[in-house]
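Input: a single structure, listed below in structure tokens.
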2 protein chains.
Amino acid sequence: MLVQKYKQMLSAKSVIRELSEFATARGKEIGYDNVFDYSLGNPSVPVPQQFTDEMIRLLREEDTGKLHGYSPSLTIPSVRQAVAESLERRFGLPYRMEHIFMTSGAAGALAHAIRLVSEPGDEILTFAPFFPEYHPYVDLTGAVLKVVPPQCDTFQINFDAFEELLTDRVAAVLINTPNNPSGVVYSAETLQRLADILRRKSEKLGHPVYLISDEPYREIVFAGVDAPCVSSYYDNTIMCYSFSKSLSIPGERIGYVAVNPACEEAKTLIQMCGQISRGIGHNCPSSIIQLATAKCLDLTADLSVYETNMNLIYNELTSLGLTVVKPGGTFYIFPKAPEEDAKAFSLKAKEYDLILVPGDSFGAPGYFRMAYCIDTDKVERSLPALRRLIKENY
Amino acid sequence: MLVQKYKQMLSAKSVIRELSEFATARGKEIGYDNVFDYSLGNPSVPVPQQFTDEMIRLLREEDTGKLHGYSPSLTIPSVRQAVAESLERRFGLPYRMEHIFMTSGAAGALAHAIRLVSEPGDEILTFAPFFPEYHPYVDLTGAVLKVVPPQCDTFQINFDAFEELLTDRVAAVLINTPNNPSGVVYSAETLQRLADILRRKSEKLGHPVYLISDEPYREIVFAGVDAPCVSSYYDNTIMCYSFSKSLSIPGERIGYVAVNPACEEAKTLIQMCGQISRGIGHNCPSSIIQLATAKCLDLTADLSVYETNMNLIYNELTSLGLTVVKPGGTFYIFPKAPEEDAKAFSLKAKEYDLILVPGDSFGAPGYFRMAYCIDTDKVERSLPALRRLIKENY
């Protein structure tokens with residue numbers, strides 16, 4: 001018989017996807033250029049030329065059997081080596097290839113990380129506001145995602161609520177900094193306090209509570225903001241990275257798990273990833289994508305447009321009197337809606353062809369998300385609509 | 001805590017991998033050219049030029065944002081459409097894009113297919129000899145793989161044993177034709193009888209017992225052999241395909257699930273694949289690989305070397321008096337070992353630098369597998385060693 005849990009998921013449509021589909025449909029009526037679509041977190045800047053050049057070079061020069069052949073079960077050694085060297089150079093932790101496992105994006109990395117440390121029934125804690133896909137990522141493993149309520153004035157961590165929810169059933173804590181949807185970067189102070197609590201809890205339990213650090217926005221950090229390296233604060237950290245945003249290649253599904261060299265049994269965790277892969281049918285990202293990405297590790301696409309867009313929107317929102325925490329990175333902003341019901345607000349916004357995602361599914365009702373990974377020109381053209389929306393309704 | 005089931009898997013090394021590592025090590029001593037390595041099923045023929053040309057064209061001509069952007073959650077529509085048209089043209093079944101879901105190879109396809117139709121505790125039946133990776137593929141979903149003993153004189157299906165094992169707990173039957181490791185192609189008669197039994201059982205149960213058809217070797221079929229289309233025989237068939245062997249691109253991880261249009265709720269199954277993906281972190285194969293493959297659907301690499309190699313080996317084995325079923329396709333052959341213990345035979349073979357895999361892990365003790373996806377020159381040079389092995393020991 002068809003498995004009901006997957007069938008039932010079909011009727012629960014994602015709000016983000018529904019809004020994105022509305023935007024596409026509306027675009028067919030009035031031209032997509034006139035729809036101010038802030039729904040999807042799809043990178044909008046071009047892929048670095050060096051990535052394209054390296055792909056073409058590989059296709060032209062390499063033996064096709066080797067180029068397109070099977071990866072070893074722990075992924076391509078030269079690629080793992082290059083990632084380890086880049087991480088060590090950048091963060092000063094002694095990463096070696098034995099700490100790296102290449103994955104199909106951050107989704108693939110999280111799929112491995114969660115299975116490494118949690119049995120069905122175990123709890124994974126995350127902090128609101130959070131990426132709603134964490135629910136299927138965690139729930140479908142059999143573990144249970146529990147959400148710590150937000151600290152709304154800063155979108156750092158609500159530590160009181162965290163300590164209350166950090167029971168003996170918690171196998172791992174999942175964080176995302178810079179954060180989708182708030183754009184906030186966790187401060188050194190936040191990470192230090194988080195690490196202290198996890199160390200105390202691990203000691204009490206006699207085994208580590210793991211920290212899974214989802215870092216796809218690590219390279220999108222704005223001027224004057226310090227984005228501390230999460231792994232530096234806590235030994236038992238499993239870093240999950242994706243090149244989707246840094247190189248604008250989300251469709252190529254490339255990222256990695258990097259286990260902190262100081263983690264207990266660090267190298268065993270990576271070997272276990274190879275076994276988990278067999279069960280989930282992951283079996284390595286594309287070989288050519290692994291090889292080309294390895295040549296672009298210290299590069300990014302030109303990400304400056306995201307900061308330009310953020311400043312335009314942030315200034316407009318504050319001048320309109322909305323409450324909003326200034327993003328430190330990403331291409332998201334998460335203002336407080338001017339009425340309690342953010343869904344009602346999102347409905348009104350649609351009338352102005354503004355596509356804004358209510359924060360309910362991010363664990364923060366009353367807020368809304370704008371994904372400003374769109375052309376600056378469109379951002380500028382959207383501001384009068386935003387102004388009218390607020391002035392005519394609130 | 002680290003999840004023990006994955007940790008324990010680390011100590012259970014695959015026999016195939018161990019032999020392959022031995023072959024590599026021995027190659028360092030005497031030159032890999034002198035090791036007759038029949039261990040791994042790695043395609044040995046070049047990738048078709050058209051695939052490479054299409055990759056380069058995409059990289060040169062397409063907008064990078066679109067080319068490397070996110071796939072929709074059910075994978076790229078134009079690619080699904082092209083696959084459906086190709087399948088309809090070839091097999092005469094009315095496939096539409098709604099029946100197709102692109103996956104990261106056959107491993108990815110099987111990961112989805114198994115989860116579509118089985119809950120933890122359900123049984124999946126397969127037929128010996130079988131690909132040993134079916135164990136982690138099935139067991140790690142929580143379902144239980146049960147193996148029907150082989151019909152050794154033909155390596156078709158042992159129907160008496162099958163009917164005995166086809167209990168009410170069986171959610172699906174998993175077949176692989178052309179078969180790894182036997183090279184045998186299931187006949188029309190076999191498929192007809194299998195379908196009849198499944199139909200009767202489904203009727204009795206009041207819900208379908210699904211047929212999962214793993215077909216990565218579909219394009220490697222030898223002269224005079226008829227390879228019937230499995231889906232034509234049974235409505236509730238989920239086809240799992242991979243381009244790894246047909247295009248020699250196993251590292252690029254590209255394949256698909258194709259649900260028989262006549263299957264109950266066929267389109268729902270494909271939509272469910274999109275939900276399963278969220279849980280296993282699969283989220284579509286590489287975009288550029290999907291697009292390039294869609295232009296090569298009716299192509300294959302030059303696969304003729306596999307038949308040349310098969311004939312050389314088959315003739316040698318029979319002239320040495322070994323019992324062997326002649327392969328109808330693939331790049332495998334599965335002879336009976338000249339002594340009862342195929343592991344002992346494999347050990348003796350090593351002394352002649354012949355790397356032969358004992359059949360125990362394929363569910364057929366007493367047999368051994370040779371993967372002849374190697375240069376014909378090497379096959380020819382290996383025959384005297386094979387002759388000496390047999391003549392000096394048996």
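Here, A, B, ... name the chains of the structure tokens in the order displayed, residue numbers run from 1 inside each chain, and ligands are numbered from 1 in the same displayed order.
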Which residues in range 135-314 of chain A does DSSP call strand (DSSP E or B)? List them as a list in words.
Val144, Leu145, Lys146, Val147, Val148, Val170, Ala171, Ala172, Val173, Leu174, Ile175, Asn176, Tyr210, Leu211, Ile212, Ser213, Asp214, Val221, Thr237, Ile238, Met239, Cys240, Tyr241, Ser242, Gly255, Tyr256, Val257, Ala258 and Val259 of chain A
Skip range 237-248 of chain B itself and residues of its chain fewer than 2 positions away, then list as a PyMOL selection string all residues within 7 Å of it, counting only C-alpha atoms.
chain B and resi 43+45-48+105-106+109-110+113+210-217+219+231+234-235+250+254-260+263+300-301
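Within 7 Å of range 181-195 of chain A, once only C-alpha atoms are used and residues closer than 5 positions along the same chain are dropped, the contacting residues are Pro129, Phe130, Phe131, Phe155, Gln156, Ile157, Ala227, Pro228, Val230, Tyr233, Tyr234, Pro327, Gly328, Gly329, Thr330, Phe331, Tyr332, Ile333, Phe334 and Arg369 of chain A.
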In range 66-162 of chain A, DSSP alpha helix (DSSP H) residues written as a PyMOL selection string:
chain A and resi 66-67+77-91+105-117+134-139+159-162
With 6 Å as the limit and counting only C-alpha atoms, what residues in chain A lie close to chain B? Please list them as a PDB file with N, CA and C atoms, in the first residue's frame.
```pdb
ATOM      1  N   MET A   1       0.841  -1.200   0.000  1.00  0.00           N
ATOM      2  CA  MET A   1       0.000   0.000   0.000  1.00  0.00           C
ATOM      3  C   MET A   1       0.875   1.248   0.000  1.00  0.00           C
ATOM      4  N   LEU A   2       0.355   2.305  -0.571  1.00  0.00           N
ATOM      5  CA  LEU A   2       1.117   3.549  -0.561  1.00  0.00           C
ATOM      6  C   LEU A   2       1.284   4.019   0.877  1.00  0.00           C
ATOM      7  N   VAL A   3       2.474   4.550   1.143  1.00  0.00           N
ATOM      8  CA  VAL A   3       2.777   4.953   2.508  1.00  0.00           C
ATOM      9  C   VAL A   3       2.062   6.271   2.806  1.00  0.00           C
ATOM     10  N   TYR A   6       3.602  10.041   3.461  1.00  0.00           N
ATOM     11  CA  TYR A   6       4.023  10.863   2.314  1.00  0.00           C
ATOM     12  C   TYR A   6       2.818  11.371   1.538  1.00  0.00           C
ATOM     13  N   LYS A   7       1.792  10.527   1.445  1.00  0.00           N
ATOM     14  CA  LYS A   7       0.595  10.916   0.715  1.00  0.00           C
ATOM     15  C   LYS A   7      -0.085  12.092   1.426  1.00  0.00           C
ATOM     16  N   PRO A  46      24.991  36.161 -10.830  1.00  0.00           N
ATOM     17  CA  PRO A  46      25.585  35.166 -11.732  1.00  0.00           C
ATOM     18  C   PRO A  46      26.620  34.274 -11.042  1.00  0.00           C
ATOM     19  N   VAL A  47      26.779  33.098 -11.580  1.00  0.00           N
ATOM     20  CA  VAL A  47      27.798  32.141 -11.147  1.00  0.00           C
ATOM     21  C   VAL A  47      29.172  32.719 -11.508  1.00  0.00           C
ATOM     22  N   ILE A  56      34.248  23.615 -18.081  1.00  0.00           N
ATOM     23  CA  ILE A  56      34.587  23.405 -19.496  1.00  0.00           C
ATOM     24  C   ILE A  56      35.982  22.771 -19.621  1.00  0.00           C
ATOM     25  N   THR A  64      37.176  10.957 -19.913  1.00  0.00           N
ATOM     26  CA  THR A  64      35.767  10.923 -19.494  1.00  0.00           C
ATOM     27  C   THR A  64      35.491   9.813 -18.486  1.00  0.00           C
ATOM     28  N   GLY A  65      36.212   8.704 -18.593  1.00  0.00           N
ATOM     29  CA  GLY A  65      36.013   7.603 -17.652  1.00  0.00           C
ATOM     30  C   GLY A  65      36.337   8.036 -16.229  1.00  0.00           C
ATOM     31  N   HIS A  68      33.825  11.214 -15.109  1.00  0.00           N
ATOM     32  CA  HIS A  68      32.428  10.893 -14.788  1.00  0.00           C
ATOM     33  C   HIS A  68      32.298   9.553 -14.057  1.00  0.00           C
ATOM     34  N   GLY A  69      33.429   9.016 -13.574  1.00  0.00           N
ATOM     35  CA  GLY A  69      33.394   7.713 -12.894  1.00  0.00           C
ATOM     36  C   GLY A  69      32.845   7.816 -11.475  1.00  0.00           C
ATOM     37  N   TYR A  70      32.580   6.640 -10.889  1.00  0.00           N
ATOM     38  CA  TYR A  70      32.102   6.587  -9.510  1.00  0.00           C
ATOM     39  C   TYR A  70      33.039   7.345  -8.577  1.00  0.00           C
ATOM     40  N   SER A  71      32.475   8.099  -7.658  1.00  0.00           N
ATOM     41  CA  SER A  71      33.240   8.609  -6.512  1.00  0.00           C
ATOM     42  C   SER A  71      33.457   7.458  -5.541  1.00  0.00           C
ATOM     43  N   ALA A 107      20.900  20.320   2.285  1.00  0.00           N
ATOM     44  CA  ALA A 107      19.832  19.348   2.570  1.00  0.00           C
ATOM     45  C   ALA A 107      20.442  17.957   2.720  1.00  0.00           C
ATOM     46  N   GLY A 108      21.353  17.616   1.822  1.00  0.00           N
ATOM     47  CA  GLY A 108      22.043  16.333   1.915  1.00  0.00           C
ATOM     48  C   GLY A 108      22.903  16.262   3.165  1.00  0.00           C
ATOM     49  N   ALA A 111      20.698  15.738   6.122  1.00  0.00           N
ATOM     50  CA  ALA A 111      20.154  14.377   6.117  1.00  0.00           C
ATOM     51  C   ALA A 111      21.145  13.406   6.763  1.00  0.00           C
ATOM     52  N   LEU A 116      23.288  10.712  11.858  1.00  0.00           N
ATOM     53  CA  LEU A 116      24.498  10.343  12.600  1.00  0.00           C
ATOM     54  C   LEU A 116      24.245  10.264  14.096  1.00  0.00           C
ATOM     55  N   VAL A 117      23.416  11.188  14.593  1.00  0.00           N
ATOM     56  CA  VAL A 117      23.384  11.385  16.046  1.00  0.00           C
ATOM     57  C   VAL A 117      22.014  11.158  16.673  1.00  0.00           C
ATOM     58  N   PRO A 136      10.355  18.545   7.704  1.00  0.00           N
ATOM     59  CA  PRO A 136      10.511  17.257   7.005  1.00  0.00           C
ATOM     60  C   PRO A 136      11.921  16.672   7.154  1.00  0.00           C
ATOM     61  N   TYR A 137      12.945  17.531   7.144  1.00  0.00           N
ATOM     62  CA  TYR A 137      14.311  17.008   7.258  1.00  0.00           C
ATOM     63  C   TYR A 137      14.447  16.160   8.523  1.00  0.00           C
ATOM     64  N   LEU A 140      11.010  13.199   9.155  1.00  0.00           N
ATOM     65  CA  LEU A 140      10.980  11.988   8.330  1.00  0.00           C
ATOM     66  C   LEU A 140      12.108  10.999   8.671  1.00  0.00           C
ATOM     67  N   ILE A 249      24.817  28.259  -7.253  1.00  0.00           N
ATOM     68  CA  ILE A 249      24.607  27.001  -7.985  1.00  0.00           C
ATOM     69  C   ILE A 249      23.688  26.035  -7.219  1.00  0.00           C
ATOM     70  N   PRO A 250      22.518  26.518  -6.777  1.00  0.00           N
ATOM     71  CA  PRO A 250      21.669  25.651  -5.937  1.00  0.00           C
ATOM     72  C   PRO A 250      21.202  24.391  -6.648  1.00  0.00           C
ATOM     73  N   GLY A 251      21.042  24.452  -7.968  1.00  0.00           N
ATOM     74  CA  GLY A 251      20.579  23.274  -8.699  1.00  0.00           C
ATOM     75  C   GLY A 251      21.636  22.198  -8.821  1.00  0.00           C
ATOM     76  N   GLU A 252      22.897  22.550  -8.549  1.00  0.00           N
ATOM     77  CA  GLU A 252      23.955  21.551  -8.719  1.00  0.00           C
ATOM     78  C   GLU A 252      24.141  20.677  -7.486  1.00  0.00           C
ATOM     79  N   ARG A 253      23.458  21.032  -6.403  1.00  0.00           N
ATOM     80  CA  ARG A 253      23.423  20.178  -5.207  1.00  0.00           C
ATOM     81  C   ARG A 253      24.812  19.787  -4.725  1.00  0.00           C
ATOM     82  N   MET A 272      30.800   6.945   9.000  1.00  0.00           N
ATOM     83  CA  MET A 272      29.387   6.584   9.139  1.00  0.00           C
ATOM     84  C   MET A 272      28.537   7.272   8.057  1.00  0.00           C
ATOM     85  N   GLN A 275      27.976   5.112   5.220  1.00  0.00           N
ATOM     86  CA  GLN A 275      26.976   4.056   5.437  1.00  0.00           C
ATOM     87  C   GLN A 275      25.565   4.621   5.338  1.00  0.00           C
ATOM     88  N   ARG A 278      24.253   4.888   1.861  1.00  0.00           N
ATOM     89  CA  ARG A 278      23.743   3.670   1.221  1.00  0.00           C
ATOM     90  C   ARG A 278      22.250   3.530   1.481  1.00  0.00           C
ATOM     91  N   GLY A 279      21.821   3.919   2.665  1.00  0.00           N
ATOM     92  CA  GLY A 279      20.418   3.765   3.013  1.00  0.00           C
ATOM     93  C   GLY A 279      19.516   4.814   2.397  1.00  0.00           C
ATOM     94  N   ILE A 280      20.027   6.008   2.182  1.00  0.00           N
ATOM     95  CA  ILE A 280      19.166   7.076   1.662  1.00  0.00           C
ATOM     96  C   ILE A 280      19.382   7.306   0.168  1.00  0.00           C
ATOM     97  N   GLY A 281      20.226   6.489  -0.457  1.00  0.00           N
ATOM     98  CA  GLY A 281      20.385   6.564  -1.905  1.00  0.00           C
ATOM     99  C   GLY A 281      21.119   7.818  -2.364  1.00  0.00           C
ATOM    100  N   SER A 286      27.373  14.774  -7.803  1.00  0.00           N
ATOM    101  CA  SER A 286      27.966  14.630  -9.136  1.00  0.00           C
ATOM    102  C   SER A 286      29.481  14.812  -9.094  1.00  0.00           C
ATOM    103  N   SER A 287      30.196  13.913  -9.767  1.00  0.00           N
ATOM    104  CA  SER A 287      31.667  13.969  -9.764  1.00  0.00           C
ATOM    105  C   SER A 287      32.195  15.271 -10.345  1.00  0.00           C
TER     106      SER A 287
END
```
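The list of residues with at least one atom within 6 Å of Glu98 in chain B, based on only C-alpha atoms and without residues fewer than 2 positions apart in the same chain, reads Arg96, Ile100 and Lys267 of chain B.
If you measure from each of A:Lys201, A:Asn179, A:Ala294, A:Tyr38 to Gln81 in chain A using only C-alpha atoms, the closest one turns out to be A:Ala294.
Taking CA of Asp353 in chain B as the reference point, CA of Val35 in chain B is found at 5.2 Å.
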Residues within 12 Å of Val324 in chain B, only C-alpha atoms, excluding chain neighbours under 2 positions, as an NGL selection string:
:B and (152-155 or 182-184 or 310 or 313-322 or 326-327 or 332-338 or 366-370)
